[in-house]
$ cat work28.txt   # compact mmCIF, C-alpha atoms and all ligand atoms
# COMPACT_ATOMS: atom_id res chain seq x y z
CA PRO S 698 141.29 110.18 76.66
CA GLU S 699 140.34 106.62 75.83
CA LEU S 700 137.17 104.63 76.47
CA ARG S 701 137.75 101.08 77.66
CA ARG S 702 135.09 98.43 77.89
CA ASP S 703 135.10 96.36 81.04
CA PRO S 704 135.23 92.79 79.68
CA PHE S 705 133.34 91.50 82.73
CA THR S 706 130.34 93.87 82.72
CA ARG S 707 130.60 95.47 79.23
CA SER S 708 130.36 98.87 80.96
CA TRP S 709 132.49 101.69 79.60
CA VAL S 710 135.18 103.53 81.54
CA VAL S 711 136.89 106.75 80.41
CA ILE S 712 140.61 106.81 81.12
CA ALA S 713 141.26 110.59 81.23
CA PRO S 714 144.60 111.51 82.81
CA ASP S 715 144.28 115.20 81.78
CA ARG S 716 141.26 115.58 84.04
CA ALA S 717 143.60 115.51 87.05
CA ASP S 718 144.92 118.97 86.06
CA ARG S 719 141.65 120.84 86.42
CA PRO S 720 141.54 123.55 89.07
CA ARG S 721 139.60 123.05 92.29
CA HIS S 722 138.00 126.19 93.67
CA THR S 723 136.19 125.40 96.86
CA ALA S 724 135.66 128.97 98.09
CA LEU S 725 131.97 129.72 98.05
CA ALA S 726 132.23 133.50 98.20
CA ALA S 727 133.40 135.75 95.36
CA ASP S 728 136.52 134.17 93.87
CA PRO S 729 139.00 136.56 92.22
CA ASP S 730 140.25 133.70 90.02
CA CYS S 731 136.89 132.31 88.90
CA PRO S 732 137.20 131.51 85.16
CA PHE S 733 133.43 131.76 84.62
CA CYS S 734 132.91 135.31 85.95
CA PRO S 735 132.25 138.18 83.48
CA GLY S 736 135.46 139.92 82.41
CA ARG S 737 137.38 136.63 82.18
CA GLU S 738 135.77 135.31 78.99
CA GLN S 739 139.25 135.00 77.43
CA GLN S 740 139.92 132.14 79.89
CA THR S 741 137.08 130.14 78.34
CA PRO S 742 137.64 130.71 74.59
CA GLY S 743 135.65 129.24 71.72
CA GLU S 744 132.14 130.22 72.83
CA LEU S 745 129.68 127.70 71.35
CA TRP S 746 126.37 129.33 72.26
CA ARG S 747 125.23 132.38 74.17
CA TRP S 748 122.05 134.04 75.35
CA PRO S 749 121.10 136.61 74.31
CA THR S 750 122.48 135.86 70.84
CA ASP S 751 123.21 139.54 70.16
CA PRO S 752 126.96 139.79 70.98
CA THR S 753 126.70 143.50 71.87
CA ARG S 754 124.41 142.69 74.81
CA PRO S 755 125.84 141.23 78.03
CA TRP S 756 125.48 137.44 78.25
CA LYS S 757 123.10 135.68 80.60
CA VAL S 758 124.11 132.13 79.65
CA ARG S 759 127.24 130.96 77.80
CA VAL S 760 128.26 127.53 76.55
CA VAL S 761 132.03 127.04 76.20
CA PRO S 762 134.30 124.06 75.50
CA ASN S 763 135.46 122.34 78.69
CA ARG S 764 139.17 123.07 79.05
CA TYR S 765 139.80 119.67 80.65
CA PRO S 766 137.43 117.52 78.60
CA VAL S 767 136.45 114.03 79.66
CA LEU S 768 135.93 113.41 75.92
CA ALA S 769 137.59 115.73 73.40
CA PRO S 770 135.63 117.29 70.53
CA SER S 771 136.48 115.87 67.08
CA ASP S 772 134.93 115.67 63.62
CA GLN S 773 136.41 112.21 63.09
CA PRO S 774 134.51 108.98 63.66
CA ALA S 775 135.59 107.17 66.83
CA GLN S 776 137.90 104.23 66.02
CA HIS S 777 137.18 100.98 67.85
CA ARG S 778 140.13 98.70 68.59
CA THR S 779 140.39 95.12 69.78
CA THR S 780 143.56 94.01 71.56
CA GLY S 781 143.29 90.43 72.78
CA ALA S 782 140.37 90.32 75.20
CA TYR S 783 140.10 94.10 75.37
CA ILE S 784 138.03 96.61 73.41
CA SER S 785 138.70 100.35 73.41
CA VAL S 786 137.34 103.39 71.56
CA ASP S 787 138.96 106.78 70.89
CA GLY S 788 138.01 109.19 73.64
CA VAL S 789 136.28 111.62 71.28
CA GLY S 790 132.87 113.24 71.63
CA GLY S 791 132.36 116.53 73.37
CA HIS S 792 132.47 118.14 76.76
CA GLU S 793 130.98 121.60 77.22
CA VAL S 794 130.37 123.87 80.17
CA VAL S 795 127.11 125.81 80.46
CA VAL S 796 127.85 128.95 82.49
CA GLU S 797 124.37 129.58 83.81
CA SER S 798 124.65 133.16 85.01
CA PRO S 799 127.11 136.06 85.11
CA ASP S 800 126.46 136.17 88.87
CA HIS S 801 128.97 134.03 90.78
CA ASP S 802 126.75 133.65 93.86
CA TRP S 803 123.49 132.91 92.08
CA ASP S 804 121.89 129.52 91.94
CA LEU S 805 119.20 127.91 89.78
CA ALA S 806 116.84 127.80 92.74
CA ASP S 807 117.21 131.60 93.16
CA GLY S 808 116.44 132.34 89.54
CA ASP S 809 113.18 133.35 87.98
CA ASP S 810 111.55 130.81 85.68
CA GLU S 811 112.89 132.63 82.62
CA ALA S 812 116.51 132.38 83.83
CA VAL S 813 116.14 128.62 84.35
CA ALA S 814 114.49 128.33 80.93
CA ASP S 815 117.53 130.06 79.36
CA VAL S 816 119.74 127.32 80.83
CA LEU S 817 117.44 124.60 79.46
CA ARG S 818 117.51 126.36 76.07
CA ALA S 819 121.29 125.93 76.12
CA TYR S 820 120.88 122.17 76.73
CA ARG S 821 118.36 121.94 73.91
CA ALA S 822 120.44 123.89 71.39
CA ARG S 823 123.70 122.04 72.10
CA THR S 824 122.05 118.59 72.20
CA LEU S 825 120.69 119.30 68.72
CA VAL S 826 124.20 120.06 67.42
CA LEU S 827 126.13 117.34 69.27
CA ARG S 828 123.79 114.45 68.52
CA ALA S 829 124.23 114.99 64.77
CA ARG S 830 127.99 114.34 64.90
CA ARG S 831 128.11 110.58 65.48
CA PRO S 832 126.27 107.72 67.13
CA GLY S 833 126.38 107.77 70.93
CA LEU S 834 124.64 109.83 73.57
CA VAL S 835 124.37 113.48 74.58
CA LEU S 836 124.07 113.97 78.33
CA PRO S 837 123.43 117.38 79.92
CA PHE S 838 123.90 117.26 83.68
CA ARG S 839 124.46 119.41 86.74
CA ASN S 840 126.57 118.77 89.82
CA HIS S 841 125.73 120.87 92.86
CA GLY S 842 127.91 120.83 95.96
CA ALA S 843 131.31 119.26 96.60
CA ALA S 844 129.77 115.90 97.58
CA ALA S 845 128.10 115.81 94.15
CA GLY S 846 131.40 116.37 92.35
CA THR S 847 131.55 120.14 91.81
CA SER S 848 135.03 121.59 91.50
CA LEU S 849 133.94 125.20 90.84
CA PRO S 850 131.28 127.18 92.73
CA HIS S 851 130.22 129.47 89.85
CA PRO S 852 126.77 128.24 88.73
CA HIS S 853 127.25 125.91 85.79
CA SER S 854 126.21 122.66 84.28
CA GLN S 855 127.90 120.43 81.70
CA ILE S 856 127.11 118.55 78.53
CA VAL S 857 129.07 115.44 77.58
CA ALA S 858 128.72 113.67 74.22
CA THR S 859 129.90 110.04 74.24
CA PRO S 860 130.87 108.09 71.09
CA VAL S 861 129.24 104.91 72.47
CA VAL S 862 125.83 104.30 73.97
CA PRO S 863 126.50 103.74 77.68
CA LEU S 864 125.32 100.38 78.98
CA ARG S 865 122.80 101.95 81.33
CA GLN S 866 121.25 103.91 78.47
CA ARG S 867 121.26 100.84 76.22
CA ARG S 868 119.34 98.99 78.91
CA LEU S 869 116.78 101.80 79.36
CA PHE S 870 116.16 101.72 75.63
CA ASP S 871 115.91 97.92 75.46
CA VAL S 872 113.41 97.81 78.32
CA ALA S 873 111.31 100.55 76.69
CA ARG S 874 111.40 98.71 73.37
CA ALA S 875 110.29 95.44 74.98
CA HIS S 876 107.37 97.30 76.61
CA TYR S 877 106.43 98.71 73.22
CA ASP S 878 106.57 95.23 71.69
CA ASP S 879 104.26 93.94 74.42
CA HIS S 880 101.76 96.79 74.61
CA GLY S 881 102.26 99.05 71.60
CA SER S 882 102.73 102.08 73.82
CA CYS S 883 105.48 104.15 75.45
CA LEU S 884 106.56 102.84 78.87
CA TYR S 885 107.28 106.37 80.11
CA THR S 886 103.92 107.76 79.00
CA ASP S 887 102.07 104.74 80.42
CA LEU S 888 103.79 104.96 83.80
CA THR S 889 103.40 108.73 84.01
CA ASN S 890 99.67 108.38 83.38
CA ALA S 891 99.41 105.61 85.97
CA GLU S 892 101.29 107.72 88.54
CA LEU S 893 99.03 110.72 87.91
CA ALA S 894 95.98 108.50 88.45
CA ASP S 895 97.48 107.01 91.63
CA GLY S 896 98.73 110.31 93.05
CA ARG S 897 100.89 109.06 95.95
CA ARG S 898 104.19 109.83 94.26
CA VAL S 899 103.14 112.96 92.37
CA VAL S 900 105.11 116.10 93.26
CA ALA S 901 103.84 118.62 90.69
CA VAL S 902 101.68 118.55 87.58
CA GLY S 903 101.68 121.00 84.69
CA ASP S 904 100.03 121.00 81.26
CA HIS S 905 103.00 119.30 79.55
CA VAL S 906 105.20 117.72 82.23
CA ALA S 907 104.92 116.27 85.72
CA ALA S 908 107.38 115.83 88.58
CA LEU S 909 107.21 112.42 90.27
CA ALA S 910 109.07 110.49 92.91
CA PRO S 911 109.90 107.24 91.07
CA TYR S 912 108.42 104.02 92.49
CA ALA S 913 111.89 102.51 92.93
CA ALA S 914 113.66 105.72 93.97
CA THR S 915 117.36 104.97 94.52
CA ALA S 916 117.95 107.87 96.92
CA PRO S 917 116.00 110.06 99.37
CA PHE S 918 113.99 112.70 97.45
CA GLU S 919 114.99 111.41 94.02
CA THR S 920 112.57 113.15 91.65
CA TRP S 921 111.98 112.86 87.92
CA ILE S 922 110.44 115.36 85.53
CA LEU S 923 108.67 113.56 82.68
CA PRO S 924 106.77 114.87 79.64
CA PHE S 925 103.19 113.79 78.87
CA GLN S 926 104.10 113.35 75.19
CA HIS S 927 106.89 110.94 74.42
CA GLN S 928 109.43 113.15 72.68
CA ALA S 929 112.50 110.93 72.89
CA SER S 930 115.03 113.77 72.92
CA PHE S 931 115.05 117.04 74.83
CA ALA S 932 116.43 118.62 71.65
CA ASP S 933 113.02 118.23 69.97
CA ILE S 934 110.75 119.74 72.62
CA THR S 935 108.71 122.88 72.04
CA ASP S 936 109.05 126.14 74.00
CA ASP S 937 105.85 125.38 75.93
CA VAL S 938 107.30 122.14 77.25
CA LEU S 939 110.69 123.69 77.92
CA ASP S 940 109.27 126.70 79.80
CA GLU S 941 107.13 124.50 81.99
CA THR S 942 110.03 122.13 82.69
CA ALA S 943 112.05 125.16 83.82
CA ALA S 944 109.23 126.39 86.08
CA ILE S 945 108.84 122.98 87.73
CA LEU S 946 112.60 122.42 88.04
CA ARG S 947 113.08 125.77 89.76
CA ARG S 948 110.25 125.11 92.22
CA LEU S 949 111.58 121.65 92.89
CA LEU S 950 115.10 122.89 93.65
CA ALA S 951 113.72 125.64 95.87
CA ALA S 952 111.49 123.16 97.72
CA LEU S 953 114.41 120.78 98.22
CA ARG S 954 116.45 123.61 99.66
CA SER S 955 113.69 124.69 102.07
CA LEU S 956 113.27 121.09 103.23
CA LEU S 957 116.88 119.93 103.40
CA GLY S 958 119.08 123.01 103.22
CA ASP S 959 121.71 123.44 100.52
CA VAL S 960 121.90 119.72 99.82
CA PRO S 961 124.35 118.39 97.21
CA TYR S 962 122.62 116.90 94.18
CA ASN S 963 123.11 115.75 90.63
CA TYR S 964 120.59 115.94 87.86
CA VAL S 965 120.89 114.31 84.47
CA LEU S 966 118.81 114.87 81.36
CA ILE S 967 118.24 111.48 79.75
CA ASN S 968 117.87 111.49 75.96
CA ALA S 969 117.39 108.71 73.40
CA PRO S 970 120.65 107.56 71.81
CA ASN S 971 121.76 109.73 68.87
CA GLY S 972 119.89 108.94 65.68
CA GLU S 973 117.08 107.17 67.54
CA GLU S 974 115.17 110.25 68.59
CA SER S 975 112.13 109.68 66.37
CA THR S 976 111.00 106.60 68.30
CA ALA S 977 107.55 106.44 69.92
CA TYR S 978 108.73 104.17 72.72
CA PHE S 979 111.06 106.40 74.69
CA ALA S 980 110.63 109.75 76.46
CA TRP S 981 113.35 112.16 77.61
CA HIS S 982 113.30 112.76 81.34
CA LEU S 983 115.19 114.73 83.94
CA ARG S 984 116.41 112.69 86.89
CA LEU S 985 117.32 114.66 90.04
CA VAL S 986 119.18 112.79 92.78
CA PRO S 987 120.05 114.53 96.08
CA ARG S 988 123.23 113.14 97.63
CA LEU S 989 122.23 112.66 101.26
CA VAL S 990 123.55 109.12 101.58
CA ALA S 991 126.98 108.03 100.31
CA PRO S 992 126.98 104.70 98.44
CA ALA S 993 128.79 101.96 100.37
CA GLY S 994 130.03 98.37 100.06
CA PHE S 995 126.62 96.76 99.71
CA GLU S 996 125.87 98.99 96.74
CA LEU S 997 129.31 98.37 95.25
CA GLY S 998 128.89 94.63 95.53
CA THR S 999 125.29 94.32 94.41
CA GLY S 1000 124.33 97.43 92.43
CA ILE S 1001 121.34 97.59 94.78
CA ALA S 1002 120.69 101.03 96.28
CA VAL S 1003 119.47 101.34 99.85
CA ASN S 1004 117.02 104.24 100.17
CA PRO S 1005 115.92 105.06 103.73
CA VAL S 1006 113.15 107.47 102.62
CA PRO S 1007 110.12 105.90 100.90
CA PRO S 1008 109.32 107.88 97.71
CA GLU S 1009 105.70 108.29 98.84
CA GLN S 1010 106.94 110.16 101.92
CA ALA S 1011 109.40 112.28 99.91
CA ALA S 1012 106.66 113.15 97.39
CA THR S 1013 104.26 114.20 100.17
CA ARG S 1014 106.84 116.50 101.74
CA LEU S 1015 107.88 118.02 98.41
CA ARG S 1016 104.25 118.51 97.38
CA GLU S 1017 103.45 120.25 100.67
CA GLU S 1018 106.52 122.43 100.34
CA LEU S 1019 105.62 123.38 96.77
CA ALA S 1020 102.14 124.38 97.94
CA ARG S 1021 103.21 126.20 101.12
CA ASP S 1022 106.25 128.28 100.30
CA ALA S 1023 105.41 131.61 98.69
CA ARG S 1024 108.71 131.60 96.80
CA VAL S 1025 107.74 128.37 95.16
CA ALA S 1026 104.20 129.43 94.36
CA PRO S 1027 102.28 127.01 92.14
CA LEU S 1028 102.57 127.27 88.37
N1 LIG S 1101 136.75 124.09 83.62
C1 LIG S 1101 136.87 124.71 82.40
N2 LIG S 1101 137.67 125.83 82.29
C2 LIG S 1101 138.32 126.35 83.36
C3 LIG S 1101 138.18 125.72 84.61
C4 LIG S 1101 137.38 124.58 84.71
O1 LIG S 1101 136.31 124.28 81.40
O2 LIG S 1101 139.01 127.36 83.22
C5 LIG S 1101 135.87 122.91 83.74
C6 LIG S 1101 136.46 121.72 84.48
O3 LIG S 1101 137.18 120.87 83.62
C7 LIG S 1101 135.23 121.01 85.05
C8 LIG S 1101 134.15 122.09 85.01
O4 LIG S 1101 134.75 123.26 84.49
O5 LIG S 1101 134.82 119.93 84.23
C9 LIG S 1101 133.58 122.32 86.38
O6 LIG S 1101 132.69 121.25 86.56
P1 LIG S 1101 132.15 120.71 87.95
O7 LIG S 1101 132.67 121.58 89.03
O8 LIG S 1101 130.66 120.63 87.88
O9 LIG S 1101 132.63 119.23 88.13
P2 LIG S 1101 133.86 118.42 87.56
O10 LIG S 1101 133.64 118.26 86.12
O11 LIG S 1101 135.08 119.19 87.91
O12 LIG S 1101 133.78 117.13 88.30
ZN ZN S 1102 132.47 133.24 89.12
$ encode --input "work28.txt" --output "structure tokens" --more "lines below"
Ligand code: UDP
Ligand code: ZN
Amino acid sequence: PELRRDPFTRSWVVIAPDRADRPRHTALAADPDCPFCPGREQQTPGELWRWPTDPTRPWKVRVVPNRYPVLAPSDQPAQHRTTGAYISVDGVGGHEVVVESPDHDWDLADGDDEAVADVLRAYRARTLVLRARRPGLVLPFRNHGAAAGTSLPHPHSQIVATPVVPLRQRRLFDVARAHYDDHGSCLYTDLTNAELADGRRVVAVGDHVAALAPYAATAPFETWILPFQHQASFADITDDVLDETAAILRRLLAALRSLLGDVPYNYVLINAPNGEESTAYFAWHLRLVPRLVAPAGFELGTGIAVNPVPPEQAATRLREELARDARVAPL
């Protein structure tokens, strides 16, 4: 693969022809060919992390190299090249699959808090390793449902390590830095505190993290989980914070499902760029975006999202669901 920089927007694009070869399994029931089911571990060689760590015990979570990587693992620095008006970078970095459960038909929302925490522990452990390799970004994410880009039904998420800082991430960091210059405080911490005081967009509150509908939510029921302390990278959070994030994430996914059915969604875990994790002006956060509305021409032409559900309304419904449903009992 190769990264190319769009000379008009300075956004990066991965040109990855090998990705076209990956299998598409759309069957939702037990799939005799599923590469992530127990007994077929030889189809996903090179295990990078597992839980429990004791190899004689059956695994609950495995991290394996993606067989069709968007960005291939490499120990080499990424070479940048300039050809006329064009800039490209070697498509190196990392692309890993987190197999979240041995059970093909399980889902995060069905799990207990501990099972979700095991998945988050995989993100934390691998982010710690991948961010040390080179500058860039480590992005754990989950696609759920065909409309959100899933090609395999077995419960899994992915971690991609890029050798450049994506433009969007660069912008998040620049905005947070400007806020710090102006006020001497973390934008994320300040806004989280303001939202907790206001209350209209609050979905759930713990001792270490809160779930909020963002003020400028780009999609119906978009929800963020943010920490009260501004650790800039998920790799550096303590078990207390991780366990509570898992508990809130599970309740949130279960509440979404009770409200909207098995809706497709993506979540992304936003970290500081590699090497910049000690900053006091950025906070990791998990951004969950249900895919109820497909983006169309207006969005393509303007970059402006059209969200038909006000975040205050979404937060109220999620909050009520979290309080009402016995399966999603409060923390
Ligand atoms: N995959 C893999 N080994 C296999 C089959 C698939 O590593 O034997 C990868 C595949 O490349 C894909 C991922 O598993 O990236 C499944 O991811 P998902 O369905 O969430 O979305 P995709 O990445 O396909 O858009
Ligand atoms: Zn399976």
$ closest_residue --input "work28.txt" --among "S:Val862, S:Leu939, S:Ala916, S:Val1006" --to "Val986 in chain S" --atoms "all atoms listed in the file"
S:Ala916
$ atom_distance --input "work28.txt" --atom1 "CA of Thr942 in chain S" --atom2 "CA of Arg821 in chain S"
12.1 Å
$ atom_distance --input "work28.txt" --atom1 "CA of Tyr912 in chain S" --atom2 "CA of Ala894 in chain S"
13.8 Å
$ residues_around --input "work28.txt" --residues "Leu888 in chain S" --least-positions-apart "6" --cutoff "12 Å" --atoms "all atoms listed in the file" --output "PyMOL selection string"
chain S and resi 873+876+882+894-896+898-899+907+909-912+923-925+927+979-980
$ residues_near_ligand --input "work28.txt" --ligand "ligand ZN 1102 (chain S)" --cutoff "8 Å" --atoms "all atoms listed in the file" --output "PyMOL selection string"
chain S and resi 727-735+799-802+850-852
$ write_last_selection --input "work28.txt" --atoms "C-alpha atoms" --output "JSON list (two decimals), keeping the file's coordinate frame"
[["chain", "number", "residue", "atom", "x", "y", "z"],
["S", 727, "ALA", "CA", 133.40, 135.75, 95.36],
["S", 728, "ASP", "CA", 136.52, 134.17, 93.87],
["S", 729, "PRO", "CA", 139.00, 136.56, 92.22],
["S", 730, "ASP", "CA", 140.25, 133.70, 90.02],
["S", 731, "CYS", "CA", 136.89, 132.31, 88.90],
["S", 732, "PRO", "CA", 137.20, 131.51, 85.16],
["S", 733, "PHE", "CA", 133.43, 131.76, 84.62],
["S", 734, "CYS", "CA", 132.91, 135.31, 85.95],
["S", 735, "PRO", "CA", 132.25, 138.18, 83.48],
["S", 799, "PRO", "CA", 127.11, 136.06, 85.11],
["S", 800, "ASP", "CA", 126.46, 136.17, 88.87],
["S", 801, "HIS", "CA", 128.97, 134.03, 90.78],
["S", 802, "ASP", "CA", 126.75, 133.65, 93.86],
["S", 850, "PRO", "CA", 131.28, 127.18, 92.73],
["S", 851, "HIS", "CA", 130.22, 129.47, 89.85],
["S", 852, "PRO", "CA", 126.77, 128.24, 88.73]]
$ atom_distance --input "work28.txt" --atom1 "CA of Ala822 in chain S" --atom2 "CA of Ala932 in chain S"
6.6 Å
$ closest_residue --input "work28.txt" --among "S:Thr920, S:Thr976, S:Thr753, S:Thr706" --to "Glu1009 in chain S" --atoms "all atoms listed in the file"
S:Thr920
$ axis_aligned_box --input "work28.txt" --around "range 764-768 of chain S" --padding-each-side "4 Å" --output "AutoDock Vina command-line options"
--center_x 137.9 --center_y 118.2 --center_z 78.3 --size_x 11.9 --size_y 17.7 --size_z 12.7
$ closest_residue --input "work28.txt" --among "S:Pro714, S:Gly842, S:Asp772, S:Leu817" --to "ligand LIG 1101 (chain S)" --atoms "only C-alpha atoms and all ligand atoms"
S:Gly842
$ residues_around --input "work28.txt" --residues "range 863-865 of chain S" --least-positions-apart "3" --cutoff "9 Å" --atoms "only C-alpha atoms" --output "ChimeraX atom specification"
/S:707-709,833-834,859,868-870
$ write_last_selection --input "work28.txt" --atoms "C-alpha atoms" --output "short mmCIF file (atom, residue, chain, number, x, y, z; two decimals), in the frame of the given file"
data_model
loop_
_atom_site.label_atom_id
_atom_site.label_comp_id
_atom_site.auth_asym_id
_atom_site.auth_seq_id
_atom_site.Cartn_x
_atom_site.Cartn_y
_atom_site.Cartn_z
CA ARG S 707 130.60 95.47 79.23
CA SER S 708 130.36 98.87 80.96
CA TRP S 709 132.49 101.69 79.60
CA GLY S 833 126.38 107.77 70.93
CA LEU S 834 124.64 109.83 73.57
CA THR S 859 129.90 110.04 74.24
CA ARG S 868 119.34 98.99 78.91
CA LEU S 869 116.78 101.80 79.36
CA PHE S 870 116.16 101.72 75.63
#
$ residues_near_ligand --input "work28.txt" --ligand "ligand LIG 1101 (chain S)" --cutoff "10 Å" --atoms "only C-alpha atoms and all ligand atoms" --output "MDAnalysis selection string"
chainID S and resid 715:723 730:733 737:742 760:767 792:796 838:843 845:857 963
$ closest_residue --input "work28.txt" --among "S:Leu768, S:Val990, S:Leu1015, S:Leu946" --to "Ala713 in chain S" --atoms "only C-alpha atoms"
S:Leu768
$ closest_residue --input "work28.txt" --among "S:Ser975, S:Ser955, S:Gln926, S:Gln866" --to "Glu1018 in chain S" --atoms "all atoms listed in the file"
S:Ser955
$ closest_residue --input "work28.txt" --among "S:Ala993, S:Ala901, S:Val965, S:Ile922" --to "Leu1019 in chain S" --atoms "all atoms listed in the file"
S:Ala901
$ residues_around --input "work28.txt" --residues "Ala819 in chain S" --least-positions-apart "3" --cutoff "9 Å" --atoms "only C-alpha atoms" --output "NGL selection string"
:S and (746-748 or 758-760 or 795 or 814-816 or 822-824)
$ residues_around --input "work28.txt" --residues "Arg778 in chain S" --least-positions-apart "4" --cutoff "10 Å" --atoms "all atoms listed in the file" --output "MDAnalysis selection string"
chainID S and resid 701 783:787
$ residues_around --input "work28.txt" --residues "Leu957 in chain S" --least-positions-apart "6" --cutoff "10 Å" --atoms "only C-alpha atoms" --output "PDB file with C-alpha atoms, keeping the file's coordinate frame"
ATOM      1  CA  PHE S 918     113.990 112.700  97.450  1.00  0.00           C
ATOM      2  CA  ALA S 951     113.720 125.640  95.870  1.00  0.00           C
ATOM      3  CA  PRO S 987     120.050 114.530  96.080  1.00  0.00           C
ATOM      4  CA  LEU S 989     122.230 112.660 101.260  1.00  0.00           C
TER       5      LEU S 989
END
$ build_atoms --input "work28.txt" --residues "range 859-870 of chain S" --atoms "N, CA and C atoms" --output "CSV table (one decimal), in the coordinates of the input"
chain,number,residue,atom,x,y,z
S,859,THR,N,129.1,111.3,74.3
S,859,THR,CA,129.9,110.0,74.2
S,859,THR,C,129.8,109.4,72.8
S,860,PRO,N,130.9,108.7,72.4
S,860,PRO,CA,130.9,108.1,71.1
S,860,PRO,C,130.3,106.7,71.1
S,861,VAL,N,129.9,106.2,72.3
S,861,VAL,CA,129.2,104.9,72.5
S,861,VAL,C,127.9,105.2,73.2
S,862,VAL,N,127.0,104.2,73.1
S,862,VAL,CA,125.8,104.3,74.0
S,862,VAL,C,126.2,103.6,75.3
S,863,PRO,N,126.2,104.4,76.4
S,863,PRO,CA,126.5,103.7,77.7
S,863,PRO,C,125.6,102.6,78.0
S,864,LEU,N,126.1,101.6,78.7
S,864,LEU,CA,125.3,100.4,79.0
S,864,LEU,C,124.0,100.7,79.7
S,865,ARG,N,124.0,101.6,80.6
S,865,ARG,CA,122.8,102.0,81.3
S,865,ARG,C,121.7,102.5,80.4
S,866,GLN,N,122.2,103.3,79.4
S,866,GLN,CA,121.2,103.9,78.5
S,866,GLN,C,120.7,102.8,77.5
S,867,ARG,N,121.6,101.9,77.1
S,867,ARG,CA,121.3,100.8,76.2
S,867,ARG,C,120.1,100.0,76.9
S,868,ARG,N,120.3,99.8,78.2
S,868,ARG,CA,119.3,99.0,78.9
S,868,ARG,C,118.0,99.7,79.0
S,869,LEU,N,118.0,101.0,79.3
S,869,LEU,CA,116.8,101.8,79.4
S,869,LEU,C,116.0,101.7,78.0
S,870,PHE,N,116.8,101.8,77.0
S,870,PHE,CA,116.2,101.7,75.6
S,870,PHE,C,115.6,100.3,75.3
